[in-house]
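One file, query_0.cif, is given below (mmCIF, C-alpha atoms).
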```
data_run
#
loop_
_atom_site.label_atom_id
_atom_site.label_comp_id
_atom_site.auth_asym_id
_atom_site.auth_seq_id
_atom_site.Cartn_x
_atom_site.Cartn_y
_atom_site.Cartn_z
CA MET A 9 18.52 17.18 6.69
CA GLU A 10 15.18 16.79 8.49
CA ARG A 11 12.80 14.37 6.80
CA GLN A 12 9.57 15.67 5.32
CA CYS A 13 6.44 14.76 7.25
CA LEU A 14 2.81 14.42 6.20
CA LEU A 15 -0.42 13.65 8.02
CA GLN A 16 -1.36 9.95 8.13
CA LEU A 17 -4.08 8.77 5.74
CA GLU A 18 -7.02 6.72 7.01
CA ALA A 19 -7.59 3.18 5.73
CA ASN A 20 -11.01 4.32 4.62
CA PRO A 21 -12.44 3.87 1.10
CA GLU A 22 -13.85 7.41 1.18
CA VAL A 23 -10.32 8.76 1.71
CA THR A 24 -8.47 6.49 -0.70
CA ASN A 25 -11.04 6.89 -3.47
CA GLN A 26 -10.84 10.65 -3.09
CA PHE A 27 -7.06 10.36 -3.45
CA LEU A 28 -7.48 8.39 -6.68
CA LYS A 29 -10.03 10.87 -8.01
CA GLN A 30 -7.83 13.87 -7.29
CA SER A 31 -4.87 12.03 -8.85
CA GLY A 32 -6.77 11.86 -12.13
CA LEU A 33 -8.03 8.26 -12.24
CA TYR A 34 -11.37 7.31 -13.67
CA PRO A 35 -13.48 5.41 -11.10
CA ASN A 36 -13.43 2.05 -12.91
CA TRP A 37 -11.57 0.70 -9.85
CA GLN A 38 -12.60 1.72 -6.33
CA PHE A 39 -11.53 0.78 -2.80
CA VAL A 40 -14.06 -1.11 -0.67
CA ASP A 41 -13.95 -2.32 2.92
CA VAL A 42 -12.88 -5.87 3.76
CA TYR A 43 -14.85 -6.31 6.96
CA ARG A 44 -13.65 -9.77 7.94
CA MET A 45 -11.22 -12.38 6.64
CA HIS A 46 -13.82 -15.19 6.70
CA PRO A 47 -14.50 -16.77 3.27
CA GLU A 48 -18.26 -16.07 3.44
CA LEU A 49 -17.65 -12.37 4.06
CA LEU A 50 -14.90 -12.18 1.45
CA SER A 51 -17.50 -13.31 -1.07
CA MET A 52 -19.24 -9.95 -0.54
CA VAL A 53 -16.24 -8.02 -1.90
CA PRO A 54 -16.78 -7.07 -5.58
CA ARG A 55 -14.49 -8.93 -7.98
CA PRO A 56 -12.01 -8.81 -9.52
CA VAL A 57 -9.66 -7.37 -6.90
CA CYS A 58 -6.26 -6.05 -7.98
CA ALA A 59 -4.76 -4.89 -4.65
CA VAL A 60 -5.31 -5.14 -0.90
CA LEU A 61 -4.16 -2.35 1.41
CA LEU A 62 -3.58 -3.28 5.07
CA LEU A 63 -3.28 -0.85 7.98
CA PHE A 64 -1.73 -2.34 11.11
CA PRO A 65 -0.09 -1.27 14.39
CA ILE A 66 3.69 -1.19 14.68
CA THR A 67 4.55 -3.07 17.89
CA GLU A 68 7.61 -4.74 19.38
CA LYS A 69 6.35 -8.13 18.22
CA TYR A 70 5.93 -6.83 14.69
CA GLU A 71 9.41 -5.28 14.65
CA THR A 72 10.91 -8.58 15.81
CA PHE A 73 9.02 -10.47 13.10
CA ARG A 74 10.03 -7.93 10.44
CA THR A 75 13.72 -8.14 11.34
CA GLU A 76 13.69 -11.96 11.39
CA GLU A 77 11.85 -12.13 8.06
CA GLU A 78 14.28 -9.75 6.37
CA GLU A 79 17.31 -11.64 7.65
CA LYS A 80 15.83 -14.93 6.48
CA ILE A 81 15.22 -13.56 2.98
CA LYS A 82 18.70 -12.06 2.80
CA CYS A 83 20.14 -15.44 3.77
CA GLN A 84 17.93 -17.70 1.63
CA GLY A 85 17.14 -15.33 -1.21
CA GLN A 86 13.88 -14.98 -3.13
CA ASP A 87 12.67 -14.52 -6.69
CA VAL A 88 11.36 -11.03 -7.49
CA THR A 89 10.28 -10.20 -11.01
CA SER A 90 11.69 -7.04 -12.55
CA SER A 91 8.10 -6.08 -13.42
CA VAL A 92 7.40 -5.07 -9.80
CA TYR A 93 7.23 -1.30 -9.28
CA PHE A 94 8.74 -0.67 -5.83
CA ILE A 95 9.31 2.78 -4.33
CA LYS A 96 11.06 3.50 -1.04
CA GLN A 97 9.31 5.61 1.59
CA THR A 98 11.41 8.56 2.74
CA ILE A 99 8.61 10.93 3.82
CA ASN A 100 7.29 10.40 7.35
CA ASN A 101 3.66 9.21 7.51
CA ALA A 102 3.51 8.79 3.72
CA CYS A 103 3.02 5.01 3.92
CA GLY A 104 -0.60 5.39 2.79
CA THR A 105 0.34 7.36 -0.30
CA THR A 106 3.26 4.98 -0.95
CA GLY A 107 0.83 2.06 -0.75
CA LEU A 108 -1.58 3.73 -3.17
CA ILE A 109 1.24 4.43 -5.63
CA HIS A 110 2.28 0.77 -5.37
CA ALA A 111 -1.30 -0.38 -5.94
CA ILE A 112 -1.81 1.73 -9.07
CA ALA A 113 1.69 1.35 -10.54
CA ASN A 114 1.53 -2.45 -10.39
CA ASN A 115 -1.88 -2.48 -12.07
CA ILE A 116 -1.33 0.34 -14.53
CA ASP A 117 -2.57 -1.78 -17.45
CA LYS A 118 -6.00 -1.88 -15.77
CA MET A 119 -6.21 1.84 -14.96
CA HIS A 120 -7.69 4.68 -17.00
CA PHE A 121 -6.31 8.16 -16.40
CA GLU A 122 -7.78 11.55 -17.18
CA SER A 123 -5.79 13.83 -19.45
CA GLY A 124 -3.11 15.57 -17.39
CA SER A 125 -3.33 13.11 -14.47
CA THR A 126 -0.69 14.00 -11.88
CA LEU A 127 -0.22 10.36 -10.89
CA GLU A 128 0.09 9.16 -14.48
CA ARG A 129 2.82 11.77 -15.11
CA PHE A 130 4.63 10.69 -11.94
CA LEU A 131 4.56 7.03 -12.93
CA GLU A 132 5.65 7.72 -16.51
CA LYS A 133 8.65 9.72 -15.26
CA SER A 134 9.63 7.36 -12.44
CA VAL A 135 9.06 3.89 -13.90
CA TRP A 136 12.71 3.43 -14.93
CA MET A 137 14.16 4.97 -11.76
CA SER A 138 15.60 2.99 -8.85
CA PRO A 139 13.43 2.78 -5.68
CA GLN A 140 15.64 5.41 -4.02
CA GLU A 141 15.46 7.74 -7.04
CA GLN A 142 11.67 7.36 -7.13
CA ALA A 143 11.52 8.32 -3.45
CA ARG A 144 13.57 11.47 -4.04
CA TYR A 145 11.38 12.33 -7.02
CA LEU A 146 8.27 11.99 -4.83
CA GLU A 147 9.82 14.26 -2.20
CA ASN A 148 9.81 17.04 -4.79
CA TYR A 149 6.57 16.14 -6.57
CA ASP A 150 4.23 18.67 -5.01
CA ALA A 151 1.06 17.59 -6.83
CA ILE A 152 0.89 14.18 -5.12
CA GLN A 153 1.73 15.67 -1.72
CA VAL A 154 -1.09 18.20 -2.14
CA THR A 155 -3.45 15.35 -3.03
CA HIS A 156 -2.30 13.47 0.09
CA GLU A 157 -2.88 16.48 2.35
CA THR A 158 -6.32 17.17 0.89
CA SER A 159 -7.35 13.52 1.26
CA THR A 160 -6.43 13.43 4.97
CA HIS A 161 -9.33 15.79 5.65
CA GLU A 162 -11.86 13.45 3.99
CA GLY A 163 -11.67 10.89 6.81
CA GLN A 164 -14.21 10.02 9.48
CA THR A 165 -11.85 10.78 12.36
CA GLU A 166 -10.09 13.99 13.24
CA ALA A 167 -6.65 14.18 11.64
CA PRO A 168 -3.82 14.07 14.21
CA SER A 169 -1.22 16.80 14.54
CA ILE A 170 1.53 16.51 11.95
CA ASP A 171 4.01 16.31 14.85
CA GLU A 172 2.14 13.50 16.62
CA LYS A 173 3.94 10.16 16.62
CA VAL A 174 2.03 7.59 14.56
CA ASP A 175 2.39 3.88 15.32
CA LEU A 176 0.23 2.65 12.43
CA HIS A 177 1.55 1.60 9.05
CA PHE A 178 0.30 0.62 5.57
CA ILE A 179 1.43 -2.14 3.24
CA VAL A 180 -0.11 -3.24 -0.04
CA LEU A 181 -0.43 -6.72 -1.57
CA VAL A 182 -0.51 -7.02 -5.36
CA HIS A 183 -0.40 -9.65 -8.10
CA VAL A 184 2.54 -9.32 -10.51
CA ASP A 185 3.59 -12.05 -12.94
CA ARG A 186 1.59 -14.80 -11.19
CA HIS A 187 3.00 -14.02 -7.73
CA LEU A 188 1.72 -12.17 -4.66
CA TYR A 189 3.99 -9.36 -3.53
CA GLU A 190 3.99 -7.44 -0.27
CA LEU A 191 5.18 -3.89 -0.92
CA ASP A 192 6.32 -1.73 1.98
CA GLY A 193 8.47 1.30 1.24
CA GLN A 194 10.12 1.02 4.64
CA LYS A 195 11.44 -2.46 3.86
CA PRO A 196 14.55 -2.99 1.72
CA PHE A 197 12.78 -5.04 -0.96
CA PRO A 198 9.43 -6.49 -2.09
CA ILE A 199 8.46 -9.77 -0.41
CA ASN A 200 7.27 -12.64 -2.58
CA HIS A 201 4.45 -14.56 -0.83
CA GLY A 202 4.07 -17.23 -3.50
CA GLU A 203 1.79 -17.87 -6.43
CA THR A 204 -1.51 -16.10 -6.96
CA SER A 205 -3.86 -15.05 -9.75
CA ASP A 206 -6.40 -12.34 -10.47
CA LYS A 207 -9.09 -14.78 -9.33
CA THR A 208 -7.45 -15.74 -6.00
CA LEU A 209 -5.66 -12.49 -5.08
CA LEU A 210 -8.12 -11.48 -2.36
CA GLU A 211 -8.03 -14.86 -0.61
CA ASN A 212 -4.23 -15.13 -0.88
CA ALA A 213 -3.73 -11.55 0.32
CA THR A 214 -5.98 -11.99 3.34
CA GLU A 215 -3.96 -15.04 4.38
CA VAL A 216 -0.92 -12.75 4.57
CA CYS A 217 -2.99 -10.19 6.50
CA LYS A 218 -3.94 -12.89 9.01
CA LYS A 219 -0.25 -13.53 9.72
CA PHE A 220 0.15 -9.87 10.69
CA MET A 221 -2.88 -10.14 12.95
CA GLU A 222 -1.62 -13.33 14.62
CA HIS A 223 1.27 -11.39 16.18
CA GLU A 224 -1.18 -9.18 18.09
CA PRO A 225 -4.40 -11.16 18.68
CA ASP A 226 -5.72 -8.58 21.18
CA GLU A 227 -5.16 -5.62 18.88
CA VAL A 228 -8.15 -4.06 17.13
CA ARG A 229 -6.27 -1.52 14.98
CA PHE A 230 -6.19 -3.63 11.85
CA ASN A 231 -8.05 -2.55 8.75
CA ALA A 232 -8.02 -3.89 5.19
CA ILE A 233 -9.47 -2.37 2.04
CA ALA A 234 -9.52 -3.89 -1.44
CA LEU A 235 -9.16 -2.17 -4.83
CA SER A 236 -12.07 -3.70 -6.76
CA ALA A 237 -13.59 -3.30 -10.19
CA ALA A 238 -16.45 -0.79 -9.97
#
```
Encoding of this model in structure tokens:
Amino acid sequence: MERQCLLQLEANPEVTNQFLKQSGLYPNWQFVDVYRMHPELLSMVPRPVCAVLLLFPITEKYETFRTEEEEKIKCQGQDVTSSVYFIKQTINNACGTTGLIHAIANNIDKMHFESGSTLERFLEKSVWMSPQEQARYLENYDAIQVTHETSTHEGQTEAPSIDEKVDLHFIVLVHVDRHLYELDGQKPFPINHGETSDKTLLENATEVCKKFMEHEPDEVRFNAIALSAA
């Protein structure tokens, strides 16, 4: 069966905040740009921060790093708390929406939903499902897909054709049970990047982002946005 395909979201606060609004979230948390990873510029980001979304290019160097990292974790193991909400990505170009679901689901205690919120209903129904079951549920959950499609037209750049190959990808970094987790629905599992806290999440997350950037120092197609208290 041919996989479903959506248009790629922009890593743009205007787009992601519109997604949250249409999903039925009150604007007590909003995405903001992270312009640079330097400590002085990070101090300009409103606090607290509960998630960092990173857009990056998929290259041969990245694929090599990803494969080596996964094999190392499979060999050495890692601790992953059962509190992490992790959904697999089975819809092409839905990495942005997958990242947003990860960001909200792993901070649901901080979020306020409007009555009848489509995202709240999705999370309530899917929280006890396996990552694969959650992915299948999303495939048939039209309300979130409609929100995704509508949000793609809020960006600053012209949306590509749905058939156009996209070599950009989203991950999200969140704090769950005192640890920093990288969540990528195309990977087999969450990745534990060590200890963090609500106070240090942004700094710890940007250190992980820098590692992605180190693989492609000449690339300019990196963009990070933070989910901050409004």
Practice task
Go through A:Arg44, A:Lys195, A:Lys218, A:Phe230 one by one, measure the shortest atom-to-atom distance of each to Glu78 (chain A) using all atoms listed in the file, and give the residue with the smallest value.
Solution key: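 Looking only at the distances to Glu78 (chain A), the closest residue turns out to be A:Lys195.
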Exercise for the section: Determine the residue membership of the PyMOL selection byres ((chain A and resi 193) around 12) for the file above and supply it as a ChimeraX atom specification. Expected result: /A:93-110,139-140,142-143,177-180,190-192,194-199
With C-alpha atoms kept, could you save the residues just selected as an mmCIF file, keeping the file's coordinate frame?
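Resulting contents of selection_26.cif:
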```
data_model
loop_
_atom_site.group_PDB
_atom_site.id
_atom_site.type_symbol
_atom_site.label_atom_id
_atom_site.label_comp_id
_atom_site.auth_asym_id
_atom_site.auth_seq_id
_atom_site.Cartn_x
_atom_site.Cartn_y
_atom_site.Cartn_z
ATOM 1 C CA TYR A 93 7.230 -1.300 -9.280
ATOM 2 C CA PHE A 94 8.740 -0.670 -5.830
ATOM 3 C CA ILE A 95 9.310 2.780 -4.330
ATOM 4 C CA LYS A 96 11.060 3.500 -1.040
ATOM 5 C CA GLN A 97 9.310 5.610 1.590
ATOM 6 C CA THR A 98 11.410 8.560 2.740
ATOM 7 C CA ILE A 99 8.610 10.930 3.820
ATOM 8 C CA ASN A 100 7.290 10.400 7.350
ATOM 9 C CA ASN A 101 3.660 9.210 7.510
ATOM 10 C CA ALA A 102 3.510 8.790 3.720
ATOM 11 C CA CYS A 103 3.020 5.010 3.920
ATOM 12 C CA GLY A 104 -0.600 5.390 2.790
ATOM 13 C CA THR A 105 0.340 7.360 -0.300
ATOM 14 C CA THR A 106 3.260 4.980 -0.950
ATOM 15 C CA GLY A 107 0.830 2.060 -0.750
ATOM 16 C CA LEU A 108 -1.580 3.730 -3.170
ATOM 17 C CA ILE A 109 1.240 4.430 -5.630
ATOM 18 C CA HIS A 110 2.280 0.770 -5.370
ATOM 19 C CA PRO A 139 13.430 2.780 -5.680
ATOM 20 C CA GLN A 140 15.640 5.410 -4.020
ATOM 21 C CA GLN A 142 11.670 7.360 -7.130
ATOM 22 C CA ALA A 143 11.520 8.320 -3.450
ATOM 23 C CA HIS A 177 1.550 1.600 9.050
ATOM 24 C CA PHE A 178 0.300 0.620 5.570
ATOM 25 C CA ILE A 179 1.430 -2.140 3.240
ATOM 26 C CA VAL A 180 -0.110 -3.240 -0.040
ATOM 27 C CA GLU A 190 3.990 -7.440 -0.270
ATOM 28 C CA LEU A 191 5.180 -3.890 -0.920
ATOM 29 C CA ASP A 192 6.320 -1.730 1.980
ATOM 30 C CA GLN A 194 10.120 1.020 4.640
ATOM 31 C CA LYS A 195 11.440 -2.460 3.860
ATOM 32 C CA PRO A 196 14.550 -2.990 1.720
ATOM 33 C CA PHE A 197 12.780 -5.040 -0.960
ATOM 34 C CA PRO A 198 9.430 -6.490 -2.090
ATOM 35 C CA ILE A 199 8.460 -9.770 -0.410
#
```
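Taken over the whole file, the PyMOL selection byres ((chain A and resi 121-124) around 8) covers exactly Gly32, Leu33, Tyr34, Met119, His120, Ser125, Thr126, Glu128 and Arg129 of chain A.
For the pair CA of Tyr70 (chain A) and CA of His183 (chain A), the separation is 23.8 Å.
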Exercise for the section: Using the chain letters and numbering of this document, enumerate as a list in words the residues selected by the PyMOL selection byres ((chain A and resi 182) around 7). Expected result: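 With the shown file as input, the PyMOL selection byres ((chain A and resi 182) around 7) matches Cys58, Ala59, Val60, Ala111, Val180, Leu181, His183, Val184, Leu188, Tyr189 and Glu190 of chain A.
Shortest atom-to-atom contact with Ser51 (chain A) among A:Lys207, A:Lys82, A:Lys69, A:Arg229: A:Lys207, counting only C-alpha atoms.
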Completion exercise
Using all atoms listed in the file, the best pick from A:Glu157, A:His201, A:Pro47, A:Leu127 as closest to Glu77 (chain A) would be A:His201
Practice task
Using only C-alpha atoms, determine which residues lie at most 10 Å from Met52 (chain A), disregarding the query and same-chain residues fewer than 4 positions distant; provide the list as a ChimeraX atom specification.
Solution key: /A:41-43,47-48
Practice task
Using CA of Glu203 (chain A) and CA of Glu222 (chain A) as the two end points, give the distance in Å to one decimal.
Solution key: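 These two atoms are separated by 21.8 Å.
Across the model, the gap from CA of Ser134 (chain A) to CA of Gln26 (chain A) is 22.7 Å.
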Practice task
Rank nothing, just name the residue among A:Leu28, A:Val57, A:Val228, A:Ile152 nearest to Thr208 (chain A), using all atoms listed in the file.
Solution key: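 Ranking A:Leu28, A:Val57, A:Val228, A:Ile152 by distance to Thr208 (chain A), first place goes to A:Val57.
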Could you complete region 43-54 of chain A so that it carries all heavy atoms, and give it back as an mmCIF file, in the frame of the given file?
```cif
data_model
loop_
_atom_site.group_PDB
_atom_site.id
_atom_site.type_symbol
_atom_site.label_atom_id
_atom_site.label_comp_id
_atom_site.auth_asym_id
_atom_site.auth_seq_id
_atom_site.Cartn_x
_atom_site.Cartn_y
_atom_site.Cartn_z
ATOM 1 N N TYR A 43 -14.414 -6.361 5.566
ATOM 2 C CA TYR A 43 -14.850 -6.310 6.960
ATOM 3 C C TYR A 43 -14.284 -7.455 7.805
ATOM 4 O O TYR A 43 -13.965 -7.285 8.968
ATOM 5 C CB TYR A 43 -16.382 -6.321 7.026
ATOM 6 C CG TYR A 43 -16.993 -5.045 6.516
ATOM 7 C CD1 TYR A 43 -17.652 -5.000 5.286
ATOM 8 C CD2 TYR A 43 -16.895 -3.861 7.249
ATOM 9 C CE1 TYR A 43 -18.213 -3.821 4.818
ATOM 10 C CE2 TYR A 43 -17.449 -2.676 6.783
ATOM 11 C CZ TYR A 43 -18.097 -2.665 5.568
ATOM 12 O OH TYR A 43 -18.631 -1.501 5.093
ATOM 13 N N ARG A 44 -14.184 -8.618 7.222
ATOM 14 C CA ARG A 44 -13.650 -9.770 7.940
ATOM 15 C C ARG A 44 -12.872 -10.638 6.956
ATOM 16 O O ARG A 44 -13.026 -10.522 5.751
ATOM 17 C CB ARG A 44 -14.774 -10.604 8.580
ATOM 18 C CG ARG A 44 -15.516 -9.903 9.708
ATOM 19 C CD ARG A 44 -14.682 -9.801 10.975
ATOM 20 N NE ARG A 44 -15.451 -9.251 12.080
ATOM 21 C CZ ARG A 44 -15.626 -7.959 12.331
ATOM 22 N NH1 ARG A 44 -15.099 -7.068 11.508
ATOM 23 N NH2 ARG A 44 -16.336 -7.560 13.358
ATOM 24 N N MET A 45 -12.021 -11.515 7.493
ATOM 25 C CA MET A 45 -11.220 -12.380 6.640
ATOM 26 C C MET A 45 -11.884 -13.743 6.391
ATOM 27 O O MET A 45 -11.296 -14.624 5.792
ATOM 28 C CB MET A 45 -9.837 -12.597 7.278
ATOM 29 C CG MET A 45 -9.094 -11.313 7.598
ATOM 30 S SD MET A 45 -8.633 -10.384 6.128
ATOM 31 C CE MET A 45 -7.870 -8.920 6.850
ATOM 32 N N HIS A 46 -13.113 -13.915 6.861
ATOM 33 C CA HIS A 46 -13.820 -15.190 6.700
ATOM 34 C C HIS A 46 -14.274 -15.347 5.250
ATOM 35 O O HIS A 46 -14.742 -14.378 4.612
ATOM 36 C CB HIS A 46 -15.048 -15.227 7.620
ATOM 37 C CG HIS A 46 -15.674 -16.572 7.727
ATOM 38 N ND1 HIS A 46 -16.569 -17.050 6.789
ATOM 39 C CD2 HIS A 46 -15.536 -17.562 8.650
ATOM 40 C CE1 HIS A 46 -16.965 -18.258 7.129
ATOM 41 N NE2 HIS A 46 -16.354 -18.600 8.251
ATOM 42 N N PRO A 47 -14.152 -16.556 4.682
ATOM 43 C CA PRO A 47 -14.500 -16.770 3.270
ATOM 44 C C PRO A 47 -15.899 -16.279 2.892
ATOM 45 O O PRO A 47 -16.093 -15.717 1.808
ATOM 46 C CB PRO A 47 -14.386 -18.289 3.106
ATOM 47 C CG PRO A 47 -13.357 -18.689 4.120
ATOM 48 C CD PRO A 47 -13.576 -17.777 5.295
ATOM 49 N N GLU A 48 -16.898 -16.488 3.771
ATOM 50 C CA GLU A 48 -18.260 -16.070 3.440
ATOM 51 C C GLU A 48 -18.358 -14.564 3.290
ATOM 52 O O GLU A 48 -19.098 -14.051 2.443
ATOM 53 C CB GLU A 48 -19.240 -16.566 4.514
ATOM 54 C CG GLU A 48 -19.451 -18.069 4.491
ATOM 55 C CD GLU A 48 -20.500 -18.514 5.485
ATOM 56 O OE1 GLU A 48 -21.097 -17.630 6.137
ATOM 57 O OE2 GLU A 48 -20.725 -19.729 5.614
ATOM 58 N N LEU A 49 -17.611 -13.821 4.131
ATOM 59 C CA LEU A 49 -17.650 -12.370 4.060
ATOM 60 C C LEU A 49 -16.783 -11.846 2.922
ATOM 61 O O LEU A 49 -17.080 -10.811 2.328
ATOM 62 C CB LEU A 49 -17.226 -11.761 5.393
ATOM 63 C CG LEU A 49 -18.194 -12.041 6.544
ATOM 64 C CD1 LEU A 49 -17.630 -11.524 7.860
ATOM 65 C CD2 LEU A 49 -19.546 -11.389 6.280
ATOM 66 N N LEU A 50 -15.721 -12.574 2.598
ATOM 67 C CA LEU A 50 -14.900 -12.180 1.450
ATOM 68 C C LEU A 50 -15.701 -12.269 0.161
ATOM 69 O O LEU A 50 -15.442 -11.531 -0.794
ATOM 70 C CB LEU A 50 -13.655 -13.061 1.352
ATOM 71 C CG LEU A 50 -12.582 -12.885 2.427
ATOM 72 C CD1 LEU A 50 -11.424 -13.844 2.174
ATOM 73 C CD2 LEU A 50 -12.074 -11.451 2.483
ATOM 74 N N SER A 51 -16.681 -13.151 0.132
ATOM 75 C CA SER A 51 -17.500 -13.310 -1.070
ATOM 76 C C SER A 51 -18.332 -12.065 -1.361
ATOM 77 O O SER A 51 -18.839 -11.889 -2.476
ATOM 78 C CB SER A 51 -18.421 -14.532 -0.933
ATOM 79 O OG SER A 51 -19.389 -14.320 0.085
ATOM 80 N N MET A 52 -18.472 -11.177 -0.362
ATOM 81 C CA MET A 52 -19.240 -9.950 -0.540
ATOM 82 C C MET A 52 -18.421 -8.855 -1.217
ATOM 83 O O MET A 52 -18.977 -7.850 -1.664
ATOM 84 C CB MET A 52 -19.737 -9.457 0.826
ATOM 85 C CG MET A 52 -20.665 -10.424 1.539
ATOM 86 S SD MET A 52 -21.012 -9.914 3.247
ATOM 87 C CE MET A 52 -21.770 -8.314 2.970
ATOM 88 N N VAL A 53 -17.105 -9.036 -1.284
ATOM 89 C CA VAL A 53 -16.240 -8.020 -1.900
ATOM 90 C C VAL A 53 -16.366 -8.126 -3.414
ATOM 91 O O VAL A 53 -16.206 -9.208 -3.975
ATOM 92 C CB VAL A 53 -14.770 -8.233 -1.465
ATOM 93 C CG1 VAL A 53 -13.858 -7.225 -2.170
ATOM 94 C CG2 VAL A 53 -14.639 -8.112 0.044
ATOM 95 N N PRO A 54 -16.657 -7.026 -4.103
ATOM 96 C CA PRO A 54 -16.780 -7.070 -5.580
ATOM 97 C C PRO A 54 -15.494 -7.571 -6.226
ATOM 98 O O PRO A 54 -14.393 -7.256 -5.783
ATOM 99 C CB PRO A 54 -17.045 -5.599 -5.941
ATOM 100 C CG PRO A 54 -17.589 -4.977 -4.689
ATOM 101 C CD PRO A 54 -16.916 -5.682 -3.552
#
```
